[in-house]
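Participant: This is start_32.csv (CSV, C-alpha atoms).
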```csv
chain,number,residue,atom,x,y,z
A,8,MET,CA,15.9,70.1,-8.3
A,9,ASN,CA,18.4,67.5,-9.4
A,10,GLU,CA,21.2,69.3,-7.6
A,11,ALA,CA,19.2,69.6,-4.4
A,12,LEU,CA,18.6,65.9,-4.4
A,13,LYS,CA,22.3,65.2,-5.0
A,14,ILE,CA,23.3,67.5,-2.2
A,15,ALA,CA,20.7,65.9,0.1
A,16,ALA,CA,22.1,62.5,-0.7
A,17,TYR,CA,25.7,63.6,-0.1
A,18,ALA,CA,24.7,65.2,3.2
A,19,ILE,CA,22.7,62.3,4.5
A,20,SER,CA,25.2,59.6,3.6
A,21,GLY,CA,28.1,61.6,4.9
A,22,GLY,CA,26.3,62.5,8.1
A,23,ILE,CA,25.3,58.9,8.8
A,24,LEU,CA,28.8,57.7,8.2
A,25,THR,CA,30.3,60.4,10.3
A,26,VAL,CA,28.1,59.7,13.2
A,27,PHE,CA,28.8,56.0,12.8
A,28,LEU,CA,32.6,56.5,12.6
A,29,SER,CA,32.6,58.9,15.6
A,30,SER,CA,31.7,56.0,17.8
A,31,CYS,CA,34.5,53.7,16.7
A,32,LYS,CA,37.2,56.0,15.2
A,33,LYS,CA,37.2,59.7,16.0
A,34,GLU,CA,39.8,60.8,13.4
A,35,TYR,CA,38.0,59.2,10.6
A,36,ALA,CA,34.8,60.8,11.6
A,37,PHE,CA,36.4,64.2,11.1
A,38,LEU,CA,37.9,63.2,7.8
A,39,SER,CA,34.6,61.9,6.4
A,40,ALA,CA,32.9,65.1,7.6
A,41,ALA,CA,35.6,67.1,5.7
A,42,ILE,CA,35.2,65.0,2.5
A,43,THR,CA,31.4,65.5,2.7
A,44,CYS,CA,31.8,69.2,3.1
A,45,VAL,CA,34.2,69.4,0.2
A,46,LEU,CA,31.9,67.4,-2.1
A,47,ILE,CA,28.8,69.5,-1.2
A,48,MET,CA,30.8,72.8,-1.7
A,49,SER,CA,32.1,71.5,-5.0
A,50,GLU,CA,28.5,70.9,-6.2
A,51,ALA,CA,27.5,74.4,-5.0
A,52,VAL,CA,30.4,76.1,-6.6
A,53,CYS,CA,29.4,74.7,-10.0
A,54,ILE,CA,26.2,76.6,-9.7
A,55,LEU,CA,28.0,79.7,-8.4
A,56,GLU,CA,29.8,80.0,-11.7
A,57,ASP,CA,26.6,80.8,-13.5
A,58,ILE,CA,25.6,83.3,-10.8
A,59,VAL,CA,28.9,85.2,-11.1
A,60,SER,CA,28.8,85.4,-14.9
A,61,GLN,CA,25.2,86.7,-14.6
A,62,MET,CA,26.3,89.3,-12.1
A,63,TYR,CA,29.0,90.5,-14.4
A,64,GLU,CA,26.5,90.8,-17.2
A,65,LEU,CA,24.1,92.8,-15.0
A,66,SER,CA,26.8,95.2,-13.9
A,67,ARG,CA,27.9,95.6,-17.6
A,68,ARG,CA,24.3,96.6,-18.5
A,69,ALA,CA,24.0,98.9,-15.5
A,70,ASN,CA,27.3,100.6,-16.4
A,71,ILE,CA,28.8,100.0,-13.0
A,72,ARG,CA,32.6,100.1,-13.0
A,73,LEU,CA,34.0,96.6,-13.3
A,74,ASP,CA,36.5,97.2,-10.4
A,75,TYR,CA,33.7,97.4,-7.9
A,76,ILE,CA,32.0,94.2,-8.9
A,77,THR,CA,35.3,92.4,-9.1
A,78,LEU,CA,36.1,93.6,-5.6
A,79,ILE,CA,32.8,92.5,-4.2
A,80,LEU,CA,33.2,89.1,-5.8
A,81,ARG,CA,36.7,88.7,-4.5
A,82,ALA,CA,35.6,89.5,-1.0
A,83,VAL,CA,32.8,86.9,-1.3
A,84,GLY,CA,35.4,84.3,-2.5
A,85,ILE,CA,37.7,85.0,0.3
A,86,ALA,CA,34.8,84.8,2.8
A,87,TYR,CA,33.8,81.4,1.4
A,88,ILE,CA,37.3,80.0,1.6
A,89,THR,CA,38.0,81.2,5.1
A,90,GLU,CA,34.5,80.2,6.3
A,91,PHE,CA,35.1,76.7,4.9
A,92,ALA,CA,38.4,76.4,6.7
A,93,CYS,CA,36.9,77.9,9.9
A,94,GLU,CA,34.0,75.5,10.0
A,95,LEU,CA,36.2,72.4,9.4
A,96,LEU,CA,38.5,73.5,12.2
A,97,LYS,CA,35.6,74.2,14.6
A,98,ASP,CA,34.3,70.7,13.8
A,99,ALA,CA,37.7,69.2,14.6
A,100,GLY,CA,37.7,70.9,17.9
A,101,ALA,CA,40.4,73.6,17.2
A,102,GLY,CA,38.3,76.6,18.0
A,103,ALA,CA,41.2,79.0,18.5
A,104,ILE,CA,42.7,78.3,15.1
A,105,ALA,CA,39.3,78.6,13.5
A,106,LYS,CA,38.8,82.0,15.0
A,107,LYS,CA,42.2,83.1,13.8
A,108,ALA,CA,41.5,81.9,10.3
A,109,GLU,CA,38.3,83.9,10.3
A,110,LEU,CA,40.0,87.0,11.6
A,111,ALA,CA,42.7,86.7,8.9
A,112,GLY,CA,40.1,86.5,6.2
A,113,LYS,CA,38.4,89.7,7.6
A,114,ILE,CA,41.8,91.5,7.5
A,115,ILE,CA,42.5,90.4,4.0
A,116,ILE,CA,39.0,91.6,2.8
A,117,LEU,CA,39.5,94.9,4.6
A,118,ASN,CA,42.9,95.4,3.0
A,119,MET,CA,41.3,94.8,-0.4
A,120,ALA,CA,38.5,97.2,0.2
A,121,LEU,CA,40.6,100.1,1.6
A,122,PRO,CA,41.5,101.7,-1.8
A,123,ILE,CA,37.8,101.9,-2.7
A,124,ILE,CA,37.0,103.5,0.7
A,125,GLY,CA,39.8,106.0,0.0
A,126,GLU,CA,38.2,106.7,-3.4
A,127,LEU,CA,34.8,107.3,-1.7
A,128,MET,CA,36.4,109.7,0.7
A,129,GLU,CA,37.9,111.6,-2.2
A,130,VAL,CA,34.5,111.9,-3.9
A,131,CYS,CA,33.0,113.1,-0.6
A,132,ILE,CA,35.8,115.8,-0.2
A,133,ASN,CA,35.3,116.9,-3.8
A,134,ALA,CA,31.6,117.2,-3.3
A,135,ILE,CA,32.1,119.3,-0.2
A,136,LYS,CA,34.6,121.5,-2.0
A,137,GLY,CA,32.1,122.0,-4.8
A,138,ILE,CA,29.6,123.5,-2.3
B,28,MET,CA,33.5,64.3,-7.9
B,29,ASN,CA,31.1,61.7,-6.6
B,30,VAL,CA,29.6,60.2,-3.5
B,31,ASP,CA,32.0,57.2,-3.7
B,32,LEU,CA,34.7,59.3,-2.0
B,33,ILE,CA,32.6,59.4,1.2
B,34,PHE,CA,32.2,55.7,1.2
B,35,GLN,CA,35.9,55.2,0.5
B,36,VAL,CA,36.8,57.2,3.6
B,37,ALA,CA,34.2,55.3,5.7
B,38,GLY,CA,35.5,52.0,4.4
B,39,VAL,CA,39.1,52.8,5.2
B,40,GLY,CA,37.9,53.9,8.7
B,41,ILE,CA,36.1,50.7,9.3
B,42,VAL,CA,38.9,48.4,8.0
B,43,VAL,CA,41.5,50.3,10.1
B,44,ALA,CA,39.3,50.0,13.2
B,45,VAL,CA,39.0,46.3,12.7
B,46,ILE,CA,42.7,45.8,12.1
B,47,ASN,CA,43.4,48.0,15.1
B,48,GLN,CA,41.2,45.9,17.3
B,49,LEU,CA,42.9,42.7,16.1
B,50,LEU,CA,46.4,44.0,16.6
B,51,ALA,CA,45.5,45.4,20.0
B,52,ARG,CA,44.1,42.1,21.1
B,53,ALA,CA,47.3,40.4,19.9
B,54,GLY,CA,49.2,42.7,22.1
B,55,ARG,CA,50.9,44.7,19.3
B,56,ASP,CA,50.0,48.2,20.3
B,57,GLU,CA,52.7,50.0,18.4
B,58,GLN,CA,51.7,48.3,15.1
B,59,ALA,CA,48.1,49.2,15.7
B,60,LEU,CA,49.1,52.8,16.1
B,61,LEU,CA,51.1,52.6,12.9
B,62,VAL,CA,48.2,51.2,11.0
B,63,THR,CA,46.0,54.0,12.2
B,64,ILE,CA,48.5,56.6,11.1
B,65,ALA,CA,49.0,55.0,7.7
B,66,GLY,CA,45.2,54.9,7.1
B,67,LEU,CA,44.9,58.5,8.3
B,68,VAL,CA,47.7,59.7,5.9
B,69,ALA,CA,46.1,57.8,2.9
B,70,VAL,CA,42.7,59.4,3.5
B,71,LEU,CA,44.4,62.8,4.1
B,72,PHE,CA,45.9,62.5,0.6
B,73,MET,CA,42.5,62.1,-0.9
B,74,LEU,CA,41.1,64.9,1.1
B,75,THR,CA,43.8,67.4,0.2
B,76,GLU,CA,43.4,66.6,-3.5
B,77,GLN,CA,39.7,67.4,-3.3
B,78,ILE,CA,40.3,70.5,-1.2
B,79,SER,CA,42.8,71.8,-3.7
B,80,ASP,CA,40.3,71.2,-6.6
B,81,LEU,CA,37.6,73.1,-4.7
B,82,PHE,CA,39.9,76.0,-3.9
B,83,ASP,CA,41.1,76.1,-7.5
B,84,SER,CA,37.6,76.4,-8.8
B,85,ILE,CA,36.7,79.1,-6.3
B,86,LYS,CA,39.8,81.0,-7.2
B,87,GLN,CA,39.0,80.7,-10.9
B,88,ILE,CA,35.4,81.8,-10.5
B,89,PHE,CA,36.0,84.8,-8.3
B,90,GLY,CA,39.2,85.8,-10.1
B,91,LEU,CA,41.3,85.8,-6.9
```
Please express the file's structure as structure tokens.
Facilitator:
Amino acid sequence: MNEALKIAAYAISGGILTVFLSSCKKEYAFLSAAITCVLIMSEAVCILEDIVSQMYELSRRANIRLDYITLILRAVGIAYITEFACELLKDAGAGAIAKKAELAGKIIILNMALPIIGELMEVCINAIKGI
Amino acid sequence: MNVDLIFQVAGVGIVVAVINQLLARAGRDEQALLVTIAGLVAVLFMLTEQISDLFDSIKQIFGL
């Protein structure tokens, strides 16, 4: 509850200042929007820490291999980072760079996931051979 | 990590806008441009610090 109020306060004050600044100084409007984004994300990331540790705990209880959970969480982290950069750039009006950052993030995630996909293929091949 | 940072950026923006107007009226357009750039760089320093903090915590949480 407290966090929600905090984030709402950040968002409203940042938004009002951004709209105000965009009428007199465009560059500063972008910077204040960026600072607001960073502050809100920082608040959210503090909560995320608990969620991640709980996910690790759940996977430990369910006897899932730790590699898989680590991989998923890494993919989520990369997605968050690239999404953040992408949205900031889109706001600043550099849509092409934003799209490229997004694409690069997708490629990095795919590169990370490829060994696991190979493992899955191996399991499938072994199962077929077993028949 | 607090809301002061947003107001700091807005304050710098308003002050720079006022100085810019004054210098432009006085006919010193190059100096007005320089003031704008200086303010921009100062705010950018604050912003990069915060962004690096955020990315560090994301990296630490997700084990990147």
Participant: If we count all atoms listed in the file, which residues of chain A reach to within 10 Å of chain B? Please list them as a ChimeraX atom specification.
Facilitator: /A:13-14,16-18,20-22,24-25,27-28,31-36,38-50,52-53,55-60,77-85,87-88
Participant: What separation in Å, quoted to one decimal, exists between atom CA of Ser66 of chain A and atom CA of Ile115 of chain A?
Facilitator: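 Rounded to one decimal, the two atoms are 24.3 Å apart.
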Participant: Measure the distance from atom CA of Ile104 of chain A to atom CA of Ala92 of chain A in Å and round it to one decimal.
Facilitator: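 Value for the atom CA of Ile104 of chain A-atom CA of Ala92 of chain A distance: 9.6 Å.
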Participant: Find the residue from A:Asp74, A:Glu126, A:Glu109, A:Glu64 that sits nearest to Glu94 of chain A; use only C-alpha atoms when measuring.
Facilitator: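 Checking each candidate against Glu94 of chain A, we get A:Glu109 as the closest.
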Participant: Using atom CA of Asp83 of chain B and atom CA of Ala99 of chain A as the two end points, give the distance in Å to one decimal.
Facilitator: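 Between atom CA of Asp83 of chain B and atom CA of Ala99 of chain A the gap works out to 23.4 Å.
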Participant: Quick one: of A:Glu90, A:Ala51, A:Ile124, A:Leu73, who's nearest to Ala111 of chain A, counting all atoms listed in the file?
Facilitator: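 Counting all atoms listed in the file, the residue closest to Ala111 of chain A is A:Glu90.
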